[in-house]
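Each remark here refers to the structure printed beneath this line.
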Amino acid sequence: LAGRCSRVTLRLVAECSVTKARACDLILPHCAVSTPVFMPVGTQGTLKGITVDQLEGLGCQICLGNTYHLGMRPGPDLIEKANGLHGFMNWKRNLLTDSGGFQMVSLVELSEVTEEGVKFKSPYDGEEILLSPEKSISIQNSLGSDIMMQLDDVVSSTVTGPRVEEAMHRSIRWLDRCIAANKNPDKQNLFAIIQGGLNAELRKVCLEEMTQRDVPGFAIGGLSGGEEKDDFWRMVTLSTDHLPREKPRYLMGVGYAVDLVVCVALGCDMFDCVFPTRTARFGSALVPWGSLQVKQKQYAKDFQPIDPECQCPTCRQHSRAYLHALFKSDTAAMHHITIHNIAYQLTLMCSVRQSIVDGCFPEFIRTFMKRMFPSRDQYPGWAVDALASVNVPLE
Amino acid sequence: MKLELSRVVQGRGRLGVLKELGKTGQHSLEVPGCLLHTHLGAVPHLTRDTLHTLSNLPSVTQVTLSNIAEHQEVLEEFKDGFRRFAGLHNTVLYCSLHDPATPCPTGYNTTKTVSVWGSGGRIELTVAKFMALQKTVQPDWYQSMADGETWQSGTSRKRVRKSVDRTLAHLDECLLVHQNSQELEGVEVFGVVEGGDILEERVRSGRETAKRPVAGFCLDGLQTGSMDQALRTQLITAVTKELPEDKPRLLQGVGRPDEVLACVEAGVDLFESFFPFQATERGCALCFGFDVSSDPELAGRAPPAVVELAEEKTASGETRQNGDSNPADQSRMTSFEIDLKDKRHRDDFRPLVEGCGCYCCVNHQRAYLHHLLVTNELLAGVLLMIHNTAHYHAFFRALREALANDKLDVLKRRVLGEGGGQTERNE
């Protein structure tokens, strides 16, 4: 654990004796974070429609900001003047920023990756910009996030061939450049991102190399991008097999309930995804048995809350019918669902953690799956396989 | 409801309390005051948690048939009234016909029907349907069905006369149904005074409406943009002469601070609070001053807006003339607000209004609001709505205090700006 001025400490609270799941306390500069944890995404320095007080009230201890977007608008200099992203958005708990790598590639046309960095055209003024490891870290230093991500050479998980290997090796070199560029190792924790696509050998090389670097945590990247779930879980479990026990494992871009539960069983501690908050704005409420499309006609006269057992402010005050009607009149409807969905995700993680602490995580998994799917033959095959691989056969 | 006036000065307004509101009679509302404007029971953009960062909200929540009418079937199946349906607690429910923030198309009202516009389009209401809605909404108080499509300039005399006649006929029919409906026992009805911009018709409408057993009066067809304030004042003054002193007067569709002040002086007691919402939708923050404390240090503090307004006025060439705009173009910024999208706020780390205790001003800065607006973030609407609502209701508090302490002129100077808005430069 004795790293070079590392400010994050992982305290192992409990380990599942059946699966690879762990329950930990992640001690970060702003507050402790209980893991497994789902981190809501507040892309542009705000969680869409939700105040920081509401977010805090839901029990959120860490959320995400986006380096690419904030680096464009309002830019690192202004945020630094505002006392970092914490000061700018007035969030008193922890922040994690990604490197901007993913957006660069997924959002921006004509981006070109070289050893130097990623060259692209700004969508706001057409200017050519280079996002290098140094630049990404510099922006993240200005943002002042508690956890920063290295700039990685991001390749879609559906790509095969030499490009994947090239990207994996480059990501290692970029990791070293990021470590060197970090002006704030005392307060900001730089995580590495394991790449290697869906190729087990490449992943192993990456793991071998990156775990030799003195970083406070590791992310599993390059997944959750449209690849087959059968390949996805195998890469996840391979990665956790080779990551150090005493450092946090962050699986990027995962947020569907089933994925969360399975990947916790495979040994992951931290997750992020835009899905719960994005889908809320379309009226989709997440529930233990799937999701509920509030805007659908069938809910117009449904006078129960979204989930009668949910304790969130939305479910305690409003019915499906009211929310259905409100969607026709005011944006507040979206906010109600957003609050509910965040509550759902955080409560799910809380329950997962508690079951690990209580030593009954496998039972939790079975109950969860039964609730989520009408019958056994509807269980996703990949989930059944993945859970079987960690000693949880599903009836 | 019972209106207890503590001060009445001709041409200077009335001050008092509207008591025994609601079916339980336990609520009251100070006048001059405003109702809480909502969309289907929700203050725009706000959930209960964000709404409750505000204190001293009006005890009367306004909902509109333009939002509700399309849900009639749902409410009928729900059976327990709109208040329960919306999860509203501890508030008086007032039901109006239209949403003052969204003027609707004209030309659809007939002798027997008026139309409201819901999310799916036009809904035609007969008195029967109107009253069926009231029975299912179960408000504490509602305005009678009215034909108010006379706010367009150039409405013919004939049309204006028709609107007065129809509105009286609707009122009589509504009252008949009301008196025979057990579901509406204890519910109050306001008559609606029409008459366009024609003095004789206004007087006629007022006089006739006053003969009916109503609890108070809505003044319709005087919306912002329909006429200049001088005419509005003249008409309101003439109408209120016909109305009993002990019943409240609610002015529809007027919310701008300068117009509010003038209309209070003309005898209006209640307003709809949609102005904060309109400012929010423009990405603007209300910031006009209304501090009339005798503390010289405070009194001398000009709101930052006054300085910026002067610049913004010349920059955009926008002037605010009464009667210049029309209700359909309510998107024009007024001199009572600052445009947070303006580049000058990009690195302004001050709160929206110095000294404002609202959640937004305590926790956030102009630079952040600017960023949220530039990036089209939903939180901008939430924070601005909180601030604008707080600011607006504080203005009404200040208005009441000014009336109580004979400081209305001081308040007017403060709100309207000394000599047209260019006062002491202040950073």
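Each chain in the structure tokens gets a letter, A, B and so on, in the order shown; residues start at 1 in every chain, and ligands are counted from 1 in the order they appear.
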Mind dumping a table of every chain A residue within 10 Å of chain B, with the nearest atom pair and its distance in Å to one decimal, using only C-alpha atoms, sorted by chain and rising number, as a Markdown table?
```
| residue | atom | partner | partner_atom | distance |
| --- | --- | --- | --- | --- |
| A:Gln44 | CA | B:Thr375 | CA | 7.7 |
| A:Gly45 | CA | B:Leu372 | CA | 8.4 |
| A:Thr46 | CA | B:Leu379 | CA | 7.1 |
| A:Leu47 | CA | B:Leu379 | CA | 7.7 |
| A:Lys48 | CA | B:Leu378 | CA | 5.5 |
| A:Gly49 | CA | B:Leu379 | CA | 4.2 |
| A:Ile50 | CA | B:Leu379 | CA | 6.2 |
| A:Thr51 | CA | B:Leu379 | CA | 7.0 |
| A:Val52 | CA | B:Asn363 | CA | 9.4 |
| A:Asp53 | CA | B:Thr50 | CA | 8.9 |
| A:Gln54 | CA | B:Asp49 | CA | 7.4 |
| A:Gly57 | CA | B:Asp49 | CA | 9.8 |
| A:His69 | CA | B:Thr375 | CA | 9.4 |
| A:Leu70 | CA | B:His371 | CA | 9.7 |
| A:Arg73 | CA | B:His371 | CA | 7.4 |
| A:Pro74 | CA | B:His371 | CA | 6.4 |
| A:Leu78 | CA | B:Asp347 | CA | 6.8 |
| A:Ile79 | CA | B:Asp347 | CA | 9.4 |
| A:Lys81 | CA | B:Asp347 | CA | 8.5 |
| A:Ala82 | CA | B:Phe349 | CA | 7.5 |
| A:Gly87 | CA | B:His364 | CA | 9.1 |
| A:Phe88 | CA | B:Tyr368 | CA | 6.4 |
| A:Met89 | CA | B:Tyr368 | CA | 7.0 |
| A:Asn90 | CA | B:Asn363 | CA | 6.7 |
| A:Trp91 | CA | B:Asn363 | CA | 9.8 |
| A:Ala300 | CA | B:Val74 | CA | 6.8 |
| A:Lys301 | CA | B:Val74 | CA | 5.6 |
| A:Asp302 | CA | B:Val74 | CA | 9.1 |
| A:Phe303 | CA | B:Phe78 | CA | 7.6 |
| A:Pro313 | CA | B:Asp49 | CA | 8.1 |
| A:Thr314 | CA | B:Thr47 | CA | 8.5 |
| A:Arg316 | CA | B:Gly87 | CA | 9.5 |
| A:Gln317 | CA | B:Gly87 | CA | 5.9 |
| A:His318 | CA | B:Gly87 | CA | 6.0 |
| A:Ser319 | CA | B:Phe85 | CA | 7.8 |
| A:Ala321 | CA | B:Val74 | CA | 8.0 |
| A:Tyr322 | CA | B:Ala86 | CA | 6.1 |
| A:Leu323 | CA | B:Ala86 | CA | 8.8 |
| A:Ala325 | CA | B:His71 | CA | 7.3 |
| A:Leu326 | CA | B:Leu40 | CA | 6.6 |
| A:Phe327 | CA | B:Ser119 | CA | 9.8 |
| A:Lys328 | CA | B:Ser119 | CA | 6.0 |
| A:Ser329 | CA | B:His39 | CA | 6.0 |
| A:Asp330 | CA | B:Pro44 | CA | 6.1 |
| A:Thr331 | CA | B:His45 | CA | 5.4 |
| A:Ala332 | CA | B:His45 | CA | 4.5 |
| A:Ala333 | CA | B:His45 | CA | 8.2 |
| A:Met334 | CA | B:His45 | CA | 9.0 |
| A:His335 | CA | B:Thr47 | CA | 7.2 |
| A:His336 | CA | B:Thr47 | CA | 6.7 |
| A:Ile339 | CA | B:Thr47 | CA | 9.7 |
```
- DSSP on the backbone: what in range 255-361 of chain A comes out alpha helix (DSSP H), as a ChimeraX atom specification? /A:257-265,275-281,313-317,320-326,332-357,361
- Message: With only C-alpha atoms as the counted atoms, please give the residues lying no more than 10 Å from Glu228 in chain A, apart from itself and same-chain residues fewer than 2 positions off, as a ChimeraX atom specification.
- Response: /A:157-158,198,223-226,230-233,382
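Minimum atom-to-atom distance to Arg12 in chain B, evaluated using only C-alpha atoms, belongs to B:Gly267 out of B:Gly81, B:Pro139, B:Gly267, B:Pro248.
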According to DSSP computed on the backbone, where in range 164-325 of chain B is there strand (DSSP E or B)? Give the residues as a PDB file with N, CA and C atoms, in the first residue's frame.
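Generated file (selection.pdb):
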```
ATOM      1  N   GLU B 188     -65.081  28.446  -3.482  1.00  0.00           N
ATOM      2  CA  GLU B 188     -65.403  29.826  -3.843  1.00  0.00           C
ATOM      3  C   GLU B 188     -65.278  30.039  -5.350  1.00  0.00           C
ATOM      4  N   VAL B 189     -66.074  30.973  -5.848  1.00  0.00           N
ATOM      5  CA  VAL B 189     -66.024  31.298  -7.273  1.00  0.00           C
ATOM      6  C   VAL B 189     -65.693  32.776  -7.453  1.00  0.00           C
ATOM      7  N   PHE B 190     -64.810  33.065  -8.372  1.00  0.00           N
ATOM      8  CA  PHE B 190     -64.545  34.449  -8.753  1.00  0.00           C
ATOM      9  C   PHE B 190     -65.238  34.739 -10.067  1.00  0.00           C
ATOM     10  N   GLY B 191     -65.896  35.890 -10.129  1.00  0.00           N
ATOM     11  CA  GLY B 191     -66.448  36.338 -11.395  1.00  0.00           C
ATOM     12  C   GLY B 191     -65.340  36.991 -12.198  1.00  0.00           C
ATOM     13  N   VAL B 192     -65.492  37.010 -13.502  1.00  0.00           N
ATOM     14  CA  VAL B 192     -64.434  37.563 -14.359  1.00  0.00           C
ATOM     15  C   VAL B 192     -64.933  38.817 -15.062  1.00  0.00           C
ATOM     16  N   VAL B 193     -64.210  39.892 -14.913  1.00  0.00           N
ATOM     17  CA  VAL B 193     -64.565  41.155 -15.541  1.00  0.00           C
ATOM     18  C   VAL B 193     -63.843  41.274 -16.879  1.00  0.00           C
ATOM     19  N   GLY B 216     -65.062  37.072  -5.268  1.00  0.00           N
ATOM     20  CA  GLY B 216     -64.054  38.044  -5.672  1.00  0.00           C
ATOM     21  C   GLY B 216     -64.089  38.181  -7.180  1.00  0.00           C
ATOM     22  N   PHE B 217     -63.153  38.940  -7.715  1.00  0.00           N
ATOM     23  CA  PHE B 217     -63.194  39.282  -9.136  1.00  0.00           C
ATOM     24  C   PHE B 217     -61.847  39.093  -9.825  1.00  0.00           C
ATOM     25  N   CYS B 218     -61.904  38.435 -10.990  1.00  0.00           N
ATOM     26  CA  CYS B 218     -60.725  38.372 -11.852  1.00  0.00           C
ATOM     27  C   CYS B 218     -60.870  39.473 -12.881  1.00  0.00           C
ATOM     28  N   LEU B 219     -59.802  40.151 -13.140  1.00  0.00           N
ATOM     29  CA  LEU B 219     -59.803  41.157 -14.189  1.00  0.00           C
ATOM     30  C   LEU B 219     -59.044  40.568 -15.371  1.00  0.00           C
ATOM     31  N   ARG B 249     -59.596  41.549  -5.693  1.00  0.00           N
ATOM     32  CA  ARG B 249     -59.485  41.711  -7.142  1.00  0.00           C
ATOM     33  C   ARG B 249     -58.198  41.045  -7.602  1.00  0.00           C
ATOM     34  N   LEU B 250     -58.321  40.093  -8.488  1.00  0.00           N
ATOM     35  CA  LEU B 250     -57.182  39.350  -9.022  1.00  0.00           C
ATOM     36  C   LEU B 250     -56.963  39.765 -10.465  1.00  0.00           C
ATOM     37  N   LEU B 251     -55.802  40.300 -10.772  1.00  0.00           N
ATOM     38  CA  LEU B 251     -55.506  40.739 -12.129  1.00  0.00           C
ATOM     39  C   LEU B 251     -54.768  39.627 -12.871  1.00  0.00           C
ATOM     40  N   LEU B 270     -54.447  40.973  -6.062  1.00  0.00           N
ATOM     41  CA  LEU B 270     -53.754  39.708  -6.323  1.00  0.00           C
ATOM     42  C   LEU B 270     -53.245  39.630  -7.755  1.00  0.00           C
ATOM     43  N   PHE B 271     -52.089  38.955  -7.894  1.00  0.00           N
ATOM     44  CA  PHE B 271     -51.474  38.758  -9.194  1.00  0.00           C
ATOM     45  C   PHE B 271     -51.067  37.300  -9.358  1.00  0.00           C
ATOM     46  N   GLU B 272     -50.838  36.928 -10.601  1.00  0.00           N
ATOM     47  CA  GLU B 272     -50.337  35.580 -10.878  1.00  0.00           C
ATOM     48  C   GLU B 272     -48.816  35.673 -10.996  1.00  0.00           C
ATOM     49  N   CYS B 284     -32.642  34.409 -17.842  1.00  0.00           N
ATOM     50  CA  CYS B 284     -32.364  35.651 -17.128  1.00  0.00           C
ATOM     51  C   CYS B 284     -32.663  35.529 -15.639  1.00  0.00           C
ATOM     52  N   ALA B 285     -31.968  36.348 -14.871  1.00  0.00           N
ATOM     53  CA  ALA B 285     -32.168  36.367 -13.431  1.00  0.00           C
ATOM     54  C   ALA B 285     -32.758  37.702 -13.026  1.00  0.00           C
ATOM     55  N   LEU B 286     -33.832  37.662 -12.241  1.00  0.00           N
ATOM     56  CA  LEU B 286     -34.414  38.897 -11.735  1.00  0.00           C
ATOM     57  C   LEU B 286     -33.438  39.528 -10.743  1.00  0.00           C
TER      58      LEU B 286
END
```
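Atom to atom, CA of Thr35 in chain A and CA of Ser136 in chain A stand 26.9 Å apart.
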- Message: I want to know what sits within 6 Å of range 99-116 of chain B, based on only C-alpha atoms, with residues of the same chain fewer than 6 positions away left out; could you give that as a PyMOL selection string?
- Response: chain B and resi 64+66+122-126+149+253+274
Could you dump the residues just selected with all heavy atoms as a short mmCIF file (atom, residue, chain, number, x, y, z; two decimals), in the first residue's frame?
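Ended up saving to part09.cif:
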```cif
data_model
loop_
_atom_site.label_atom_id
_atom_site.label_comp_id
_atom_site.auth_asym_id
_atom_site.auth_seq_id
_atom_site.Cartn_x
_atom_site.Cartn_y
_atom_site.Cartn_z
N THR B 64 -54.01 25.41 -13.77
CA THR B 64 -54.80 25.94 -14.88
C THR B 64 -55.47 24.81 -15.65
O THR B 64 -54.92 23.72 -15.80
CB THR B 64 -53.91 26.74 -15.85
OG1 THR B 64 -53.04 25.83 -16.51
CG2 THR B 64 -53.06 27.76 -15.10
N SER B 66 -55.81 24.71 -18.70
CA SER B 66 -55.06 24.42 -19.92
C SER B 66 -54.10 23.26 -19.69
O SER B 66 -53.76 22.53 -20.60
CB SER B 66 -54.31 25.65 -20.42
OG SER B 66 -53.52 26.20 -19.39
N ARG B 122 -56.23 21.70 -28.90
CA ARG B 122 -57.35 22.49 -28.37
C ARG B 122 -58.40 21.60 -27.71
O ARG B 122 -58.75 20.55 -28.24
CB ARG B 122 -57.97 23.28 -29.51
CG ARG B 122 -59.07 24.25 -29.08
CD ARG B 122 -59.43 25.17 -30.24
NE ARG B 122 -60.22 24.47 -31.24
CZ ARG B 122 -61.54 24.44 -31.25
NH1 ARG B 122 -62.21 25.04 -30.29
NH2 ARG B 122 -62.19 23.79 -32.20
N ILE B 123 -58.88 22.06 -26.57
CA ILE B 123 -59.98 21.38 -25.89
C ILE B 123 -61.10 22.38 -25.71
O ILE B 123 -60.91 23.45 -25.13
CB ILE B 123 -59.52 20.85 -24.51
CG1 ILE B 123 -58.36 19.87 -24.68
CG2 ILE B 123 -60.68 20.18 -23.78
CD1 ILE B 123 -57.74 19.41 -23.39
N GLU B 124 -62.28 22.02 -26.19
CA GLU B 124 -63.40 22.93 -26.15
C GLU B 124 -64.20 22.69 -24.88
O GLU B 124 -64.54 21.55 -24.56
CB GLU B 124 -64.28 22.72 -27.37
CG GLU B 124 -65.18 23.89 -27.70
CD GLU B 124 -65.83 23.73 -29.06
OE1 GLU B 124 -66.64 22.80 -29.21
OE2 GLU B 124 -65.51 24.52 -29.97
N LEU B 125 -64.54 23.76 -24.19
CA LEU B 125 -65.28 23.61 -22.93
C LEU B 125 -66.64 24.28 -23.01
O LEU B 125 -66.73 25.47 -23.33
CB LEU B 125 -64.49 24.25 -21.78
CG LEU B 125 -63.06 23.77 -21.54
CD1 LEU B 125 -62.40 24.62 -20.43
CD2 LEU B 125 -63.04 22.32 -21.14
N THR B 126 -67.66 23.54 -22.74
CA THR B 126 -68.96 24.12 -22.47
C THR B 126 -69.00 24.37 -20.97
O THR B 126 -68.13 23.90 -20.24
CB THR B 126 -70.08 23.11 -22.81
OG1 THR B 126 -69.83 21.92 -22.04
CG2 THR B 126 -70.12 22.79 -24.28
N GLU B 149 -60.99 36.74 -25.02
CA GLU B 149 -60.14 36.94 -26.20
C GLU B 149 -60.23 38.34 -26.75
O GLU B 149 -60.60 38.55 -27.90
CB GLU B 149 -60.57 35.98 -27.30
CG GLU B 149 -60.19 34.55 -27.03
CD GLU B 149 -60.66 33.64 -28.16
OE1 GLU B 149 -61.34 34.14 -29.08
OE2 GLU B 149 -60.36 32.45 -28.10
N GLY B 253 -52.64 37.83 -15.92
CA GLY B 253 -51.72 38.08 -17.02
C GLY B 253 -50.83 39.29 -16.91
O GLY B 253 -50.22 39.70 -17.90
N PHE B 274 -46.26 34.40 -12.72
CA PHE B 274 -45.66 33.69 -13.86
C PHE B 274 -44.42 34.42 -14.39
O PHE B 274 -43.67 33.88 -15.19
CB PHE B 274 -46.69 33.56 -14.99
CG PHE B 274 -47.18 34.88 -15.48
CD1 PHE B 274 -46.66 35.47 -16.63
CD2 PHE B 274 -48.16 35.58 -14.76
CE1 PHE B 274 -47.11 36.71 -17.05
CE2 PHE B 274 -48.60 36.82 -15.19
CZ PHE B 274 -48.08 37.39 -16.34
#
```
- Have a look at CA of Ser122 in chain A and CA of Val155 in chain A and let me know their distance in Å, one decimal. 20.1 Å
- Item | Contacts of range 389-394 of chain A at 12 Å (only C-alpha atoms; same-chain gap of 2+ positions) as a VMD selection string | chain A and resid 16 to 21 233 to 234 236 to 238 241 262 to 267 360 to 370 375 to 387
Limited to N, CA and C atoms, could you put the picked residues into a file as a tab-separated table (two decimals), in the first residue's frame?
```tsv
chain	number	residue	atom	x	y	z
A	16	CYS	N	-16.12	-11.67	-0.31
A	16	CYS	CA	-17.05	-12.78	-0.47
A	16	CYS	C	-16.26	-14.08	-0.56
A	17	SER	N	-16.68	-15.07	0.19
A	17	SER	CA	-15.93	-16.33	0.20
A	17	SER	C	-16.26	-17.22	-0.99
A	18	VAL	N	-17.28	-16.82	-1.71
A	18	VAL	CA	-17.70	-17.63	-2.86
A	18	VAL	C	-17.25	-16.99	-4.18
A	19	THR	N	-17.58	-15.74	-4.35
A	19	THR	CA	-17.23	-15.03	-5.59
A	19	THR	C	-15.97	-14.21	-5.36
A	20	LYS	N	-15.68	-13.34	-6.32
A	20	LYS	CA	-14.49	-12.48	-6.17
A	20	LYS	C	-14.89	-11.09	-5.63
A	21	ALA	N	-16.11	-10.99	-5.14
A	21	ALA	CA	-16.60	-9.68	-4.71
A	21	ALA	C	-15.93	-9.20	-3.44
A	233	TRP	N	-17.48	-10.31	-20.36
A	233	TRP	CA	-17.27	-10.76	-18.97
A	233	TRP	C	-15.95	-11.51	-18.82
A	234	ARG	N	-15.54	-12.18	-19.87
A	234	ARG	CA	-14.28	-12.93	-19.79
A	234	ARG	C	-13.09	-11.98	-19.63
A	236	VAL	N	-13.32	-8.99	-18.27
A	236	VAL	CA	-13.43	-8.40	-16.94
A	236	VAL	C	-12.80	-9.33	-15.91
A	237	THR	N	-13.17	-10.59	-15.94
A	237	THR	CA	-12.69	-11.50	-14.91
A	237	THR	C	-11.19	-11.78	-15.07
A	238	LEU	N	-10.73	-11.80	-16.30
A	238	LEU	CA	-9.29	-11.94	-16.55
A	238	LEU	C	-8.54	-10.76	-15.91
A	241	ASP	N	-8.45	-10.88	-12.16
A	241	ASP	CA	-7.54	-11.95	-11.72
A	241	ASP	C	-6.11	-11.44	-11.58
A	262	VAL	N	-23.25	-8.69	-11.65
A	262	VAL	CA	-22.32	-9.71	-12.13
A	262	VAL	C	-20.87	-9.26	-12.00
A	263	CYS	N	-20.60	-8.02	-12.39
A	263	CYS	CA	-19.21	-7.56	-12.38
A	263	CYS	C	-18.69	-7.33	-10.97
A	264	VAL	N	-19.58	-7.09	-10.03
A	264	VAL	CA	-19.14	-7.07	-8.63
A	264	VAL	C	-18.69	-8.48	-8.25
A	265	ALA	N	-19.45	-9.45	-8.66
A	265	ALA	CA	-19.08	-10.85	-8.39
A	265	ALA	C	-17.75	-11.21	-9.04
A	266	LEU	N	-17.44	-10.53	-10.15
A	266	LEU	CA	-16.17	-10.80	-10.83
A	266	LEU	C	-15.02	-10.00	-10.26
A	267	GLY	N	-15.29	-9.18	-9.23
A	267	GLY	CA	-14.20	-8.51	-8.53
A	267	GLY	C	-14.04	-7.02	-8.78
A	360	CYS	N	-23.67	-13.04	2.48
A	360	CYS	CA	-24.73	-13.73	1.73
A	360	CYS	C	-24.89	-13.16	0.33
A	361	PHE	N	-23.80	-12.77	-0.25
A	361	PHE	CA	-23.87	-12.19	-1.60
A	361	PHE	C	-24.42	-13.18	-2.64
A	362	PRO	N	-23.99	-14.44	-2.63
A	362	PRO	CA	-24.54	-15.37	-3.62
A	362	PRO	C	-26.07	-15.46	-3.54
A	363	GLU	N	-26.59	-15.44	-2.32
A	363	GLU	CA	-28.04	-15.48	-2.15
A	363	GLU	C	-28.68	-14.21	-2.69
A	364	PHE	N	-28.00	-13.12	-2.43
A	364	PHE	CA	-28.48	-11.84	-2.95
A	364	PHE	C	-28.59	-11.91	-4.47
A	365	ILE	N	-27.56	-12.46	-5.09
A	365	ILE	CA	-27.54	-12.55	-6.55
A	365	ILE	C	-28.74	-13.35	-7.05
A	366	ARG	N	-29.01	-14.46	-6.40
A	366	ARG	CA	-30.12	-15.31	-6.85
A	366	ARG	C	-31.45	-14.58	-6.71
A	367	THR	N	-31.64	-13.92	-5.58
A	367	THR	CA	-32.88	-13.18	-5.35
A	367	THR	C	-33.02	-12.06	-6.38
A	368	PHE	N	-31.91	-11.39	-6.62
A	368	PHE	CA	-31.89	-10.29	-7.58
A	368	PHE	C	-32.31	-10.77	-8.96
A	369	MET	N	-31.73	-11.87	-9.40
A	369	MET	CA	-32.02	-12.38	-10.74
A	369	MET	C	-33.47	-12.84	-10.85
A	370	LYS	N	-33.95	-13.45	-9.79
A	370	LYS	CA	-35.35	-13.93	-9.80
A	370	LYS	C	-36.30	-12.76	-9.95
A	375	SER	N	-38.54	-15.57	-15.72
A	375	SER	CA	-38.30	-17.02	-15.58
A	375	SER	C	-36.83	-17.33	-15.86
A	376	ARG	N	-36.42	-18.48	-15.43
A	376	ARG	CA	-35.02	-18.89	-15.51
A	376	ARG	C	-34.49	-18.87	-16.94
A	377	ASP	N	-35.35	-19.26	-17.88
A	377	ASP	CA	-34.84	-19.30	-19.26
A	377	ASP	C	-34.68	-17.92	-19.88
A	378	GLN	N	-35.07	-16.89	-19.10
A	378	GLN	CA	-34.85	-15.54	-19.60
A	378	GLN	C	-33.58	-14.94	-19.03
A	379	TYR	N	-32.93	-15.65	-18.15
A	379	TYR	CA	-31.65	-15.15	-17.63
A	379	TYR	C	-30.68	-15.04	-18.79
A	380	PRO	N	-29.97	-13.91	-18.92
A	380	PRO	CA	-29.01	-13.80	-20.02
A	380	PRO	C	-27.92	-14.87	-19.88
A	381	GLY	N	-27.64	-15.51	-20.99
A	381	GLY	CA	-26.66	-16.61	-20.97
A	381	GLY	C	-25.31	-16.19	-20.44
A	382	TRP	N	-24.84	-15.04	-20.85
A	382	TRP	CA	-23.51	-14.59	-20.42
A	382	TRP	C	-23.46	-14.40	-18.90
A	383	ALA	N	-24.56	-13.91	-18.33
A	383	ALA	CA	-24.60	-13.68	-16.89
A	383	ALA	C	-24.55	-15.02	-16.15
A	384	VAL	N	-25.28	-15.99	-16.67
A	384	VAL	CA	-25.27	-17.32	-16.06
A	384	VAL	C	-23.85	-17.90	-16.08
A	385	ASP	N	-23.21	-17.77	-17.25
A	385	ASP	CA	-21.83	-18.28	-17.37
A	385	ASP	C	-20.88	-17.55	-16.44
A	386	ALA	N	-20.98	-16.24	-16.44
A	386	ALA	CA	-20.07	-15.44	-15.62
A	386	ALA	C	-20.22	-15.79	-14.14
A	387	LEU	N	-21.46	-15.90	-13.71
A	387	LEU	CA	-21.69	-16.21	-12.30
A	387	LEU	C	-21.26	-17.63	-11.98
```
- Task: Give me the residues within 10 Å of Gly217 in chain A as a list in words, counting only C-alpha atoms and dropping any in the same chain fewer than 3 places off.
- Result: Ser6, Val8, Thr9, Leu10, Ile147, Met148, Met149, Asn189, Leu190, Phe191, Ala192, Ile193, Thr211, Asp214, Leu243, Pro244, Glu246, Lys247, Pro248, Arg249 and Tyr250 of chain A
- range 152-162 of chain B surroundings by only C-alpha atoms, 8 Å radius, close-in-sequence under 5 positions cut, as a count of residues only: 8
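Going from CA of Arg350 in chain B over to CA of Gln188 in chain A, you cover 27.9 Å.
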